[in-house]
>>> print(open('entry.cif').read())   # mmCIF, C-alpha atoms
data_target
loop_
_atom_site.label_atom_id
_atom_site.label_comp_id
_atom_site.auth_asym_id
_atom_site.auth_seq_id
_atom_site.Cartn_x
_atom_site.Cartn_y
_atom_site.Cartn_z
CA MET I 1 -0.96 -3.28 -4.43
CA ASN I 2 -0.42 0.10 -2.88
CA LYS I 3 0.52 3.59 -3.88
CA SER I 4 4.25 2.89 -3.73
CA LEU I 5 4.28 -0.01 -6.21
CA SER I 6 5.33 2.16 -9.15
CA GLY I 7 8.16 3.60 -7.04
CA LYS I 8 9.32 0.10 -6.10
CA ILE I 9 9.26 -1.05 -9.73
CA PHE I 10 11.16 2.09 -10.75
CA ALA I 11 13.79 1.47 -8.06
CA GLY I 12 14.11 -2.18 -9.03
CA LEU I 13 14.53 -1.29 -12.69
CA PHE I 14 17.43 1.12 -12.16
CA ALA I 15 19.07 -0.83 -9.34
CA GLY I 16 19.12 -3.95 -11.50
CA LEU I 17 20.49 -2.08 -14.50
CA ILE I 18 23.29 -0.53 -12.42
CA ILE I 19 24.26 -3.87 -10.86
CA GLY I 20 24.19 -5.63 -14.24
CA THR I 21 26.38 -2.97 -15.84
CA ALA I 22 28.83 -3.19 -12.91
CA ILE I 23 29.05 -6.96 -13.36
CA GLN I 24 29.86 -6.57 -17.07
CA TYR I 25 32.52 -3.87 -16.75
CA LEU I 26 33.90 -4.17 -13.21
CA PHE I 27 33.53 -7.85 -12.34
CA ASN I 28 33.80 -9.48 -15.76
CA GLY I 29 35.28 -12.97 -15.40
CA VAL I 30 34.63 -13.19 -11.67
CA THR I 31 33.11 -16.63 -11.15
CA LEU I 32 30.93 -15.53 -8.25
CA MET I 33 29.30 -12.83 -10.37
CA ASP I 34 29.13 -14.58 -13.75
CA THR I 35 27.98 -17.95 -12.46
CA TYR I 36 25.98 -17.33 -9.33
CA VAL I 37 24.67 -13.76 -9.39
CA LEU I 38 23.79 -13.74 -13.10
CA GLY I 39 22.53 -17.31 -12.89
CA LEU I 40 20.27 -16.39 -10.00
CA ALA I 41 19.03 -13.26 -11.80
CA GLU I 42 18.34 -15.23 -14.97
CA GLY I 43 16.42 -17.87 -13.03
CA ALA I 44 14.43 -15.37 -10.96
CA GLY I 45 13.62 -13.17 -13.95
CA GLY I 46 12.60 -16.15 -16.05
CA MET I 47 10.35 -17.50 -13.30
CA PHE I 48 8.65 -14.13 -12.89
CA VAL I 49 7.91 -13.76 -16.60
CA SER I 50 6.73 -17.39 -16.76
CA LEU I 51 4.47 -16.75 -13.78
CA ILE I 52 2.87 -13.82 -15.58
CA LYS I 53 2.53 -15.73 -18.84
CA LEU I 54 0.98 -18.62 -16.90
CA LEU I 55 -2.02 -16.39 -16.28
CA VAL I 56 -2.30 -14.94 -19.77
CA VAL I 57 -4.19 -17.69 -21.64
CA PRO I 58 -6.90 -18.30 -19.00
CA LEU I 59 -7.15 -14.56 -18.38
CA VAL I 60 -7.71 -13.80 -22.07
CA TYR I 61 -10.34 -16.51 -22.47
CA VAL I 62 -12.24 -15.77 -19.27
CA SER I 63 -12.11 -11.97 -19.63
CA ILE I 64 -13.45 -12.00 -23.19
CA VAL I 65 -16.30 -14.36 -22.27
CA CYS I 66 -17.15 -12.13 -19.28
CA GLY I 67 -16.91 -9.03 -21.43
CA ILE I 68 -19.47 -10.40 -23.88
CA VAL I 69 -21.92 -11.82 -21.33
CA GLU I 70 -21.89 -8.49 -19.45
CA LEU I 71 -23.06 -6.60 -22.53
CA LYS I 72 -26.62 -5.54 -21.89
CA ASP I 73 -27.41 -5.47 -25.60
CA ILE I 74 -25.81 -8.16 -27.78
CA THR I 75 -25.95 -5.82 -30.78
CA ALA I 76 -23.46 -3.69 -28.88
CA PHE I 77 -20.89 -6.44 -29.45
CA GLY I 78 -20.77 -5.82 -33.19
CA ARG I 79 -20.50 -2.08 -32.67
CA LEU I 80 -17.86 -2.48 -29.95
CA GLY I 81 -15.82 -4.94 -32.01
CA GLY I 82 -15.98 -2.76 -35.10
CA LYS I 83 -14.83 0.36 -33.24
CA THR I 84 -12.00 -1.45 -31.47
CA PHE I 85 -10.74 -3.24 -34.58
CA GLY I 86 -11.01 -0.09 -36.70
CA LEU I 87 -9.13 2.10 -34.23
CA TYR I 88 -6.35 -0.47 -33.90
CA ILE I 89 -5.90 -0.52 -37.69
CA ILE I 90 -6.02 3.29 -37.96
CA ASN I 91 -3.51 3.59 -35.12
CA THR I 92 -1.12 1.20 -36.89
CA ILE I 93 -1.47 2.99 -40.25
CA ILE I 94 -0.71 6.37 -38.63
CA ALA I 95 2.34 4.88 -36.89
CA ILE I 96 3.66 3.39 -40.15
CA ALA I 97 3.16 6.64 -42.07
CA ALA I 98 4.91 8.65 -39.36
CA ALA I 99 7.82 6.19 -39.09
CA LEU I 100 8.41 6.10 -42.85
CA THR I 101 8.26 9.89 -43.02
CA ILE I 102 10.78 10.27 -40.18
CA GLY I 103 12.96 7.56 -41.68
CA MET I 104 13.07 9.18 -45.12
CA ILE I 105 13.85 12.58 -43.56
CA PHE I 106 16.60 11.54 -41.14
CA GLN I 107 17.90 8.56 -43.16
CA PRO I 108 19.30 6.45 -40.28
CA GLY I 109 22.39 4.47 -41.28
CA ALA I 110 23.31 6.77 -44.17
CA GLY I 111 27.07 6.92 -44.62
CA ALA I 112 27.73 4.01 -42.27
CA ASN I 113 29.19 1.85 -45.06
CA LEU I 114 28.68 -1.40 -43.19
CA ALA I 115 28.81 -3.58 -46.30
CA GLY I 116 31.42 -6.25 -45.65
CA SER I 117 31.97 -5.18 -42.04
CA VAL I 118 29.53 -7.73 -40.62
CA SER I 119 30.35 -11.41 -40.71
CA GLU I 120 28.86 -13.06 -43.76
CA ALA I 121 28.51 -16.24 -41.73
CA VAL I 122 25.35 -14.80 -40.21
CA GLU I 123 22.46 -16.96 -41.29
CA LEU I 124 18.96 -15.65 -41.74
CA THR I 125 16.19 -18.14 -41.13
CA THR I 126 13.49 -16.84 -43.42
CA THR I 127 9.87 -16.91 -42.45
CA GLU I 128 6.99 -16.73 -44.88
CA THR I 129 5.25 -13.39 -44.82
CA PRO I 130 1.98 -13.72 -42.89
CA ASP I 131 -0.75 -13.79 -45.52
CA ILE I 132 -3.79 -11.83 -44.33
CA PHE I 133 -6.22 -14.36 -45.81
CA SER I 134 -4.39 -17.32 -44.25
CA LEU I 135 -4.37 -15.42 -41.00
CA ILE I 136 -8.17 -15.08 -41.12
CA VAL I 137 -8.69 -18.73 -42.08
CA ASN I 138 -6.43 -19.96 -39.27
CA ILE I 139 -8.41 -18.05 -36.67
CA VAL I 140 -10.80 -21.03 -36.56
CA PRO I 141 -9.01 -23.79 -34.59
CA SER I 142 -9.32 -27.41 -35.59
CA ASN I 143 -8.22 -28.49 -32.10
CA PRO I 144 -9.18 -26.20 -29.20
CA PHE I 145 -6.80 -27.93 -26.79
CA GLN I 146 -3.90 -27.35 -29.16
CA ALA I 147 -4.83 -23.67 -29.42
CA PHE I 148 -4.66 -23.35 -25.64
CA ALA I 149 -1.44 -25.37 -25.42
CA ASN I 150 0.25 -23.26 -28.11
CA GLY I 151 -1.09 -19.99 -26.71
CA ASP I 152 -2.52 -19.01 -30.11
CA MET I 153 -4.22 -15.77 -29.10
CA LEU I 154 -6.30 -15.28 -32.25
CA GLN I 155 -7.80 -18.77 -31.93
CA ILE I 156 -8.37 -18.36 -28.20
CA ILE I 157 -10.11 -15.02 -28.80
CA PHE I 158 -12.31 -16.65 -31.46
CA MET I 159 -13.34 -19.46 -29.10
CA ALA I 160 -14.01 -17.01 -26.27
CA ILE I 161 -16.24 -14.90 -28.52
CA LEU I 162 -18.22 -17.99 -29.58
CA THR I 163 -18.59 -19.08 -25.96
CA GLY I 164 -19.78 -15.65 -24.85
CA LEU I 165 -22.30 -15.40 -27.69
CA ALA I 166 -23.62 -18.89 -26.94
CA ILE I 167 -24.13 -18.06 -23.26
CA GLN I 168 -25.89 -14.82 -24.23
CA ALA I 169 -28.20 -16.78 -26.55
CA LEU I 170 -29.35 -18.94 -23.61
CA ASP I 171 -31.01 -15.91 -21.98
CA THR I 172 -31.98 -16.69 -18.37
CA ARG I 173 -30.82 -20.32 -18.68
CA GLY I 174 -27.26 -19.07 -19.04
CA GLY I 175 -27.29 -17.64 -15.52
CA PRO I 176 -25.20 -20.42 -13.92
CA ALA I 177 -22.60 -20.19 -16.68
CA ILE I 178 -22.41 -16.41 -16.31
CA LYS I 179 -21.88 -16.75 -12.56
CA THR I 180 -19.18 -19.37 -13.15
CA PHE I 181 -17.23 -17.18 -15.57
CA LYS I 182 -17.61 -14.11 -13.36
CA MET I 183 -16.23 -16.05 -10.41
CA ALA I 184 -13.39 -17.35 -12.59
CA ASN I 185 -12.66 -13.77 -13.62
CA GLU I 186 -12.52 -12.66 -9.98
CA ILE I 187 -10.12 -15.51 -9.22
CA MET I 188 -7.89 -14.45 -12.11
CA MET I 189 -7.88 -10.85 -10.86
CA LYS I 190 -6.87 -12.06 -7.40
CA LEU I 191 -4.06 -14.18 -8.85
CA ILE I 192 -2.84 -11.20 -10.88
CA GLY I 193 -2.77 -9.09 -7.74
CA LEU I 194 -0.66 -11.68 -5.95
CA VAL I 195 1.77 -12.02 -8.85
CA MET I 196 2.05 -8.25 -9.35
CA SER I 197 3.18 -7.87 -5.74
CA LEU I 198 6.37 -9.63 -6.90
CA ALA I 199 6.88 -7.20 -9.81
CA PRO I 200 9.63 -5.07 -8.20
CA TYR I 201 11.75 -8.16 -7.58
CA GLY I 202 11.09 -9.65 -11.01
CA VAL I 203 11.95 -6.36 -12.73
CA PHE I 204 15.14 -6.12 -10.63
CA ALA I 205 16.30 -9.56 -11.81
CA LEU I 206 15.42 -8.87 -15.45
CA MET I 207 17.38 -5.61 -15.47
CA ILE I 208 20.48 -7.30 -14.01
CA GLN I 209 20.45 -9.60 -17.05
CA LEU I 210 20.05 -6.68 -19.44
CA GLY I 211 22.82 -4.59 -17.89
CA ALA I 212 25.24 -7.52 -17.89
CA THR I 213 24.79 -8.43 -21.56
CA LEU I 214 24.73 -5.07 -23.40
CA ASP I 215 27.67 -4.73 -25.82
CA ALA I 216 28.82 -1.11 -25.64
CA ASN I 217 30.76 -1.25 -28.92
CA THR I 218 27.80 -2.59 -30.85
CA LEU I 219 25.51 -0.10 -29.18
CA MET I 220 27.71 2.86 -30.12
CA SER I 221 27.97 1.78 -33.77
CA VAL I 222 24.24 2.15 -34.25
CA ALA I 223 23.56 4.87 -31.66
CA GLY I 224 21.84 7.13 -34.17
CA TYR I 225 19.46 4.40 -35.29
CA VAL I 226 18.63 3.34 -31.72
CA GLY I 227 18.18 6.96 -30.66
CA LEU I 228 15.76 7.63 -33.51
CA VAL I 229 13.67 4.53 -32.78
CA VAL I 230 13.54 5.23 -29.05
CA ALA I 231 12.80 8.94 -29.53
CA MET I 232 9.87 8.22 -31.82
CA LEU I 233 8.44 5.53 -29.54
CA VAL I 234 8.82 7.82 -26.51
CA PHE I 235 6.96 10.57 -28.41
CA TRP I 236 4.19 8.08 -29.23
CA ILE I 237 3.92 6.98 -25.58
CA PHE I 238 4.17 10.31 -23.78
CA PHE I 239 2.69 12.77 -26.29
CA PHE I 240 0.69 11.21 -29.12
CA TYR I 241 -1.48 8.84 -27.06
CA PRO I 242 -2.16 11.23 -24.15
CA MET I 243 -3.10 14.01 -26.61
CA MET I 244 -5.45 11.71 -28.55
CA VAL I 245 -7.09 10.51 -25.35
CA GLY I 246 -7.42 14.11 -24.16
CA LEU I 247 -9.01 15.28 -27.41
CA LEU I 248 -11.44 12.38 -27.75
CA THR I 249 -12.41 11.59 -24.14
CA GLY I 250 -11.85 14.73 -22.07
CA ILE I 251 -9.33 12.98 -19.79
CA LYS I 252 -6.38 15.27 -19.18
CA PRO I 253 -3.11 14.02 -20.73
CA SER I 254 -1.39 14.38 -17.34
CA THR I 255 -4.08 12.25 -15.71
CA PHE I 256 -3.74 9.59 -18.40
CA LEU I 257 0.05 9.54 -17.93
CA ARG I 258 -0.27 9.11 -14.17
CA SER I 259 -2.65 6.22 -14.72
CA ILE I 260 -0.25 4.29 -16.98
CA ARG I 261 2.95 4.61 -14.91
CA GLU I 262 3.10 0.99 -13.73
CA GLN I 263 2.09 -0.23 -17.18
CA ILE I 264 5.00 1.62 -18.80
CA LEU I 265 7.57 0.41 -16.27
CA PHE I 266 6.33 -3.17 -16.39
CA SER I 267 6.29 -3.33 -20.19
CA LEU I 268 9.78 -1.80 -20.37
CA SER I 269 11.15 -4.51 -18.10
CA THR I 270 9.39 -7.55 -19.59
CA ALA I 271 9.32 -6.43 -23.26
CA SER I 272 6.25 -8.65 -23.68
CA SER I 273 2.80 -7.41 -24.70
CA ASN I 274 1.19 -10.67 -23.59
CA ALA I 275 2.89 -10.58 -20.20
CA THR I 276 1.59 -7.03 -19.72
CA ILE I 277 -2.07 -7.95 -20.43
CA PRO I 278 -2.96 -8.23 -16.72
CA VAL I 279 -1.39 -4.84 -15.96
CA THR I 280 -3.15 -3.22 -18.94
CA MET I 281 -6.52 -4.56 -17.85
CA ARG I 282 -6.05 -3.36 -14.28
CA THR I 283 -4.92 0.04 -15.54
CA LEU I 284 -8.06 0.42 -17.63
CA THR I 285 -10.59 -0.85 -15.10
CA ASP I 286 -9.11 0.30 -11.78
CA LYS I 287 -7.39 3.57 -12.72
CA ILE I 288 -9.13 4.94 -15.81
CA GLY I 289 -12.61 3.65 -15.00
CA VAL I 290 -13.23 1.67 -18.22
CA SER I 291 -15.90 -1.01 -17.87
CA LYS I 292 -14.80 -4.64 -17.68
CA SER I 293 -16.83 -5.51 -20.78
CA VAL I 294 -14.84 -3.09 -22.95
CA ALA I 295 -11.44 -3.90 -21.38
CA GLY I 296 -12.10 -7.64 -21.38
CA PHE I 297 -12.70 -7.65 -25.12
CA GLY I 298 -10.31 -4.95 -26.33
CA VAL I 299 -7.11 -5.67 -24.39
CA PRO I 300 -6.52 -9.29 -25.54
CA LEU I 301 -7.38 -8.27 -29.10
CA GLY I 302 -4.94 -5.35 -28.89
CA ALA I 303 -2.12 -7.54 -27.56
CA THR I 304 -2.48 -9.61 -30.70
CA MET I 305 -3.08 -7.05 -33.45
CA ASN I 306 -2.36 -3.52 -32.17
CA MET I 307 1.28 -3.39 -33.22
CA SER I 308 1.92 0.32 -33.74
CA GLY I 309 5.18 0.08 -31.81
CA VAL I 310 6.32 -2.89 -33.89
CA SER I 311 5.44 -0.97 -37.05
CA ILE I 312 7.63 1.99 -36.04
CA TYR I 313 10.45 -0.36 -35.06
CA ILE I 314 10.57 -2.48 -38.22
CA ALA I 315 10.06 0.51 -40.53
CA LEU I 316 13.06 2.39 -39.12
CA ALA I 317 15.13 -0.81 -38.83
CA THR I 318 14.58 -1.62 -42.50
CA ILE I 319 15.51 1.90 -43.63
CA PHE I 320 18.62 1.75 -41.42
CA VAL I 321 19.83 -1.54 -42.92
CA ALA I 322 19.10 -0.35 -46.46
CA ASN I 323 21.11 2.84 -45.93
CA ALA I 324 23.92 1.23 -43.94
CA PHE I 325 24.57 -1.33 -46.67
CA GLY I 326 24.39 1.15 -49.51
CA GLN I 327 20.98 0.12 -50.86
CA PRO I 328 18.71 3.04 -49.90
CA ILE I 329 14.97 2.74 -50.38
CA ASN I 330 13.55 4.97 -53.11
CA SER I 331 10.59 7.21 -52.38
CA ALA I 332 8.64 5.33 -55.05
CA ASP I 333 8.89 2.15 -52.97
CA VAL I 334 7.70 3.71 -49.72
CA PHE I 335 4.00 2.87 -50.26
CA THR I 336 4.76 -0.78 -51.02
CA LEU I 337 7.03 -0.92 -47.97
CA GLY I 338 4.31 0.59 -45.79
CA LEU I 339 1.68 -1.89 -46.99
CA THR I 340 4.05 -4.80 -46.35
CA ILE I 341 4.79 -3.52 -42.85
CA LEU I 342 1.05 -3.25 -42.14
CA LEU I 343 0.48 -6.90 -43.06
CA LEU I 344 3.55 -8.00 -41.11
CA SER I 345 2.61 -6.03 -38.01
CA ILE I 346 -0.92 -7.45 -37.95
CA GLY I 347 0.56 -10.95 -38.04
CA ALA I 348 3.46 -10.17 -35.71
CA GLY I 349 1.67 -11.50 -32.65
CA GLY I 350 1.54 -14.98 -34.17
CA VAL I 351 5.14 -15.15 -35.42
CA PRO I 352 7.75 -16.44 -32.92
CA GLY I 353 10.63 -13.99 -32.44
CA GLY I 354 8.67 -10.74 -32.62
CA GLY I 355 10.26 -7.64 -34.13
CA VAL I 356 13.59 -9.23 -35.12
CA VAL I 357 11.86 -11.94 -37.14
CA MET I 358 9.63 -9.34 -38.78
CA VAL I 359 12.70 -7.32 -39.79
CA GLY I 360 14.30 -10.50 -41.11
CA VAL I 361 11.26 -11.27 -43.24
CA LEU I 362 11.24 -7.72 -44.59
CA LEU I 363 14.97 -7.78 -45.43
CA HIS I 364 14.48 -11.06 -47.27
CA GLN I 365 11.50 -9.75 -49.22
CA LEU I 366 13.27 -6.54 -50.22
CA GLY I 367 16.51 -8.29 -51.17
CA LEU I 368 18.53 -6.45 -48.51
CA PRO I 369 21.68 -8.03 -46.97
CA PRO I 370 20.72 -10.59 -44.30
CA GLU I 371 23.89 -9.63 -42.41
CA GLY I 372 22.04 -6.50 -41.33
CA LEU I 373 19.87 -8.63 -39.09
CA ALA I 374 22.87 -9.26 -36.81
CA ILE I 375 23.05 -5.52 -36.03
CA ILE I 376 19.30 -5.24 -35.50
CA ALA I 377 19.35 -8.26 -33.17
CA ALA I 378 22.30 -6.85 -31.20
CA VAL I 379 20.25 -3.87 -29.98
CA ASP I 380 16.84 -5.49 -30.16
CA ARG I 381 16.41 -5.66 -26.39
CA ILE I 382 16.58 -1.87 -26.04
CA ASN I 383 14.27 -1.14 -28.97
CA ASP I 384 11.90 -3.95 -28.02
CA MET I 385 11.42 -2.52 -24.52
CA PHE I 386 10.09 0.79 -25.85
CA CYS I 387 8.33 -0.94 -28.74
CA THR I 388 6.34 -3.09 -26.29
CA SER I 389 5.56 -0.10 -24.10
CA SER I 390 4.20 1.79 -27.11
CA ASN I 391 2.04 -1.21 -28.04
CA VAL I 392 0.45 -1.62 -24.62
CA VAL I 393 -0.08 2.11 -24.02
CA GLY I 394 -1.75 2.14 -27.44
CA ASP I 395 -4.05 -0.64 -26.23
CA THR I 396 -4.98 1.48 -23.22
CA ALA I 397 -5.56 4.60 -25.31
CA VAL I 398 -7.73 2.85 -27.91
CA ASN I 399 -9.87 1.10 -25.30
CA THR I 400 -10.28 4.34 -23.35
CA ILE I 401 -11.52 6.09 -26.51
CA VAL I 402 -13.86 3.20 -27.35
CA ALA I 403 -15.23 3.12 -23.81
CA LYS I 404 -15.93 6.86 -23.93
CA SER I 405 -17.81 6.47 -27.22
CA GLU I 406 -19.91 3.67 -25.65
CA ASN I 407 -20.48 5.57 -22.38
CA GLU I 408 -18.64 2.77 -20.60
CA ILE I 409 -16.22 4.96 -18.65
CA ASP I 410 -16.45 7.05 -15.51
CA VAL I 411 -14.32 10.09 -16.44
CA GLU I 412 -15.03 12.03 -13.23
CA SER I 413 -13.99 9.04 -11.13
CA THR I 414 -10.82 8.75 -13.19
CA GLN I 415 -9.87 12.37 -12.62
CA THR I 416 -10.43 12.04 -8.88
CA SER I 417 -8.82 8.65 -8.29
CA SER I 418 -5.74 9.54 -10.33
CA ASP I 419 -5.10 12.54 -8.09
CA THR I 420 -5.49 10.59 -4.88
CA VAL I 421 -4.74 6.89 -5.10
CA THR I 422 -2.81 4.76 -7.53
CA VAL I 423 -4.15 1.21 -7.64
CA SER I 424 -2.13 -1.46 -9.44
#
>>> encode(input="entry.cif", output="structure tokens")
Amino acid sequence: MNKSLSGKIFAGLFAGLIIGTAIQYLFNGVTLMDTYVLGLAEGAGGMFVSLIKLLVVPLVYVSIVCGIVELKDITAFGRLGGKTFGLYIINTIIAIAAALTIGMIFQPGAGANLAGSVSEAVELTTTETPDIFSLIVNIVPSNPFQAFANGDMLQIIFMAILTGLAIQALDTRGGPAIKTFKMANEIMMKLIGLVMSLAPYGVFALMIQLGATLDANTLMSVAGYVGLVVAMLVFWIFFFYPMMVGLLTGIKPSTFLRSIREQILFSLSTASSNATIPVTMRTLTDKIGVSKSVAGFGVPLGATMNMSGVSIYIALATIFVANAFGQPINSADVFTLGLTILLLSIGAGGVPGGGVVMVGVLLHQLGLPPEGLAIIAAVDRINDMFCTSSNVVGDTAVNTIVAKSENEIDVESTQTSSDTVTVS
């Protein structure tokens, strides 16, 4: 990784988007473009994302174990976990409150009169609302191999925590195990570096797909809704988080923004919090100066439960559908809606389909027309890009604040390195 990586990713993102858009509007129906170019882009983009995800499960497990065994005082684990968990929940609650307030003020979808304009053949596959108590109970895996095979992050995190605590309890006898996990962590970091060198090309392929599949008519019909979601998520990414980090850690907002450039671009292109875990960890440890023990514990946990971006997305999407289909949400129901969104967002990481499925569950629960899900799904890719970016930048902000409170961050080094070298 070198200083120009962010520039290469940026160039790949826009070049791919331009080529994809040209294929859709200028070369539509041309066999060479539709079959070979798009097919190649789909294959290359899919392989790149799969390559990143290949590293996620072992990275999460190894990094959490290393994070715990590197704690000098095991009592610090309870304090660290409590701070991290609490800040993630507070962050999500603030995001929900802000989104509902903005939604009730601007009323996206009002006057659209979409009732009957969307095909009633659209089927909504309902999903049971994630029950917080069931979620807690299911954290304990009955089959560890199945947890790894399914990529169940909550169960993997639980097993990693147990492993780390057990190694810590061995005192000096745990030395060989500590060395083994530290070496495994170094290997994972090296693998991540190798894979990230392919990021500009992977992002280029992914953006060709996106540009070639956007439906302009559908996009224009809900432009106000999309604009509101994106504007709020952009505010959260570029203003709210940098200001909070500046107030609570002393790191300048401009310095924080420079440190997260690659993270933002990568998350926008992949739209996957899990796929961005390696980038988030490198951003924290290499650019901001957060200790590996804090980052190793907080980042995987955040990828699973810090869903502030998802909360903003599904809150505004639900208000949009309610207004567009002539069933506006009353102010008296806002608190209940907010509580439901909180529970859904906490469980979002374990529900296949992400934000669209969460919106579908919410529409079903509130008795809103399931046809509205077709509109939400049509523009999901755009919203999901910024939604994911907000999630992962939130992970970085929370862990930076926690690290500062634990004196596990080198602020002076961060200020200096951000002005001179960008390491990815």
>>> atom_distance(input="entry.cif", atom1="atom CA of Ala324 of chain I", atom2="atom CA of Gly372 of chain I")
8.4 Å
>>> closest_residue(input="entry.cif", among="I:Ile264, I:Ala317, I:Leu342, I:Leu80", to="Ile375 of chain I", atoms="only C-alpha atoms")
I:Ala317
>>> resolve_selection(input="entry.cif", expression="the PyMOL selection byres ((chain I and resi 248) around 10)", output="mmCIF file with C-alpha atoms, in the coordinates of the input")
data_model
loop_
_atom_site.group_PDB
_atom_site.id
_atom_site.type_symbol
_atom_site.label_atom_id
_atom_site.label_comp_id
_atom_site.auth_asym_id
_atom_site.auth_seq_id
_atom_site.Cartn_x
_atom_site.Cartn_y
_atom_site.Cartn_z
ATOM 1 C CA MET I 243 -3.100 14.010 -26.610
ATOM 2 C CA MET I 244 -5.450 11.710 -28.550
ATOM 3 C CA VAL I 245 -7.090 10.510 -25.350
ATOM 4 C CA GLY I 246 -7.420 14.110 -24.160
ATOM 5 C CA LEU I 247 -9.010 15.280 -27.410
ATOM 6 C CA THR I 249 -12.410 11.590 -24.140
ATOM 7 C CA GLY I 250 -11.850 14.730 -22.070
ATOM 8 C CA ILE I 251 -9.330 12.980 -19.790
ATOM 9 C CA THR I 400 -10.280 4.340 -23.350
ATOM 10 C CA ILE I 401 -11.520 6.090 -26.510
ATOM 11 C CA VAL I 402 -13.860 3.200 -27.350
ATOM 12 C CA LYS I 404 -15.930 6.860 -23.930
ATOM 13 C CA SER I 405 -17.810 6.470 -27.220
#
>>> resolve_selection(input="entry.cif", expression="the PyMOL selection byres ((chain I and resi 271) around 7)", output="VMD selection string")
chain I and resid 267 to 270 272 to 273 384 to 385 388
>>> axis_aligned_box(input="entry.cif", around="segment 401-405 of chain I", padding_each_side="8 Å", output="lines of an AutoDock Vina configuration file")
center_x = -14.7
center_y = 5.0
center_z = -25.6
size_x = 22.3
size_y = 19.7
size_z = 19.5
>>> resolve_selection(input="entry.cif", expression="the PyMOL selection byres ((chain I and resi 327) around 12)", output="MDAnalysis selection string")
chainID I and resid 107 109:115 318:326 328:330 363 366:369 372
>>> write_last_selection(input="entry.cif", atoms="C-alpha atoms", output="tab-separated table (two decimals), keeping the file's coordinate frame")
chain	number	residue	atom	x	y	z
I	107	GLN	CA	17.90	8.56	-43.16
I	109	GLY	CA	22.39	4.47	-41.28
I	110	ALA	CA	23.31	6.77	-44.17
I	111	GLY	CA	27.07	6.92	-44.62
I	112	ALA	CA	27.73	4.01	-42.27
I	113	ASN	CA	29.19	1.85	-45.06
I	114	LEU	CA	28.68	-1.40	-43.19
I	115	ALA	CA	28.81	-3.58	-46.30
I	318	THR	CA	14.58	-1.62	-42.50
I	319	ILE	CA	15.51	1.90	-43.63
I	320	PHE	CA	18.62	1.75	-41.42
I	321	VAL	CA	19.83	-1.54	-42.92
I	322	ALA	CA	19.10	-0.35	-46.46
I	323	ASN	CA	21.11	2.84	-45.93
I	324	ALA	CA	23.92	1.23	-43.94
I	325	PHE	CA	24.57	-1.33	-46.67
I	326	GLY	CA	24.39	1.15	-49.51
I	328	PRO	CA	18.71	3.04	-49.90
I	329	ILE	CA	14.97	2.74	-50.38
I	330	ASN	CA	13.55	4.97	-53.11
I	363	LEU	CA	14.97	-7.78	-45.43
I	366	LEU	CA	13.27	-6.54	-50.22
I	367	GLY	CA	16.51	-8.29	-51.17
I	368	LEU	CA	18.53	-6.45	-48.51
I	369	PRO	CA	21.68	-8.03	-46.97
I	372	GLY	CA	22.04	-6.50	-41.33
>>> residues_near_point(input="entry.cif", point="(17.3, 4.9, -14.1)", cutoff="12 Å", atoms="only C-alpha atoms", output="ChimeraX atom specification")
/I:7,9-19,204,207,211,265,268-269
>>> closest_residue(input="entry.cif", among="I:Ala169, I:Ile314, I:Ala99, I:Ile382", to="Ala223 of chain I", atoms="all atoms listed in the file")
I:Ile382
>>> closest_residue(input="entry.cif", among="I:Ala397, I:Ile409, I:Ala212, I:Cys387", to="Thr84 of chain I", atoms="only C-alpha atoms")
I:Ala397
>>> closest_atom_pairs(input="entry.cif", of="segment 39-74 of chain I", to="segment 281-303 of chain I", cutoff="7 Å", atoms="all atoms listed in the file", output="JSON lines")
{"residue": "I:Val60", "atom": "CA", "partner": "I:Pro300", "partner_atom": "CA", "distance": 5.8}
{"residue": "I:Ser63", "atom": "CA", "partner": "I:Gly296", "partner_atom": "CA", "distance": 4.7}
{"residue": "I:Ile64", "atom": "CA", "partner": "I:Phe297", "partner_atom": "CA", "distance": 4.8}
{"residue": "I:Cys66", "atom": "CA", "partner": "I:Ser293", "partner_atom": "CA", "distance": 6.8}
{"residue": "I:Gly67", "atom": "CA", "partner": "I:Ser293", "partner_atom": "CA", "distance": 3.6}
{"residue": "I:Ile68", "atom": "CA", "partner": "I:Ser293", "partner_atom": "CA", "distance": 6.4}
{"residue": "I:Glu70", "atom": "CA", "partner": "I:Ser293", "partner_atom": "CA", "distance": 6.0}
{"residue": "I:Leu71", "atom": "CA", "partner": "I:Ser293", "partner_atom": "CA", "distance": 6.6}
>>> atom_distance(input="entry.cif", atom1="atom CA of Ile102 of chain I", atom2="atom CA of Ser308 of chain I")
14.8 Å
>>> closest_residue(input="entry.cif", among="I:Tyr201, I:Phe181, I:Leu32, I:Ile277", to="Val56 of chain I", atoms="only C-alpha atoms")
I:Ile277
>>> atom_distance(input="entry.cif", atom1="atom CA of Phe27 of chain I", atom2="atom CA of Gly43 of chain I")
19.8 Å
>>> closest_residue(input="entry.cif", among="I:Val361, I:Val393, I:Ala147, I:Ala332", to="Glu262 of chain I", atoms="all atoms listed in the file")
I:Val393
>>> closest_residue(input="entry.cif", among="I:Val334, I:Trp236, I:Thr213, I:Gly78", to="Tyr25 of chain I", atoms="all atoms listed in the file")
I:Thr213
>>> residues_around(input="entry.cif", residues="Pro144 of chain I", least_positions_apart="3", cutoff="12 Å", atoms="all atoms listed in the file", output="ChimeraX atom specification")
/I:61,139-141,147-160
>>> residues_around(input="entry.cif", residues="Gly39 of chain I", least_positions_apart="4", cutoff="12 Å", atoms="only C-alpha atoms", output="list in words")
Gly20, Thr31, Leu32, Met33, Asp34, Thr35, Gly43, Ala44, Gly45, Gly46, Ala205, Leu206, Ile208, Gln209 and Ala212 of chain I
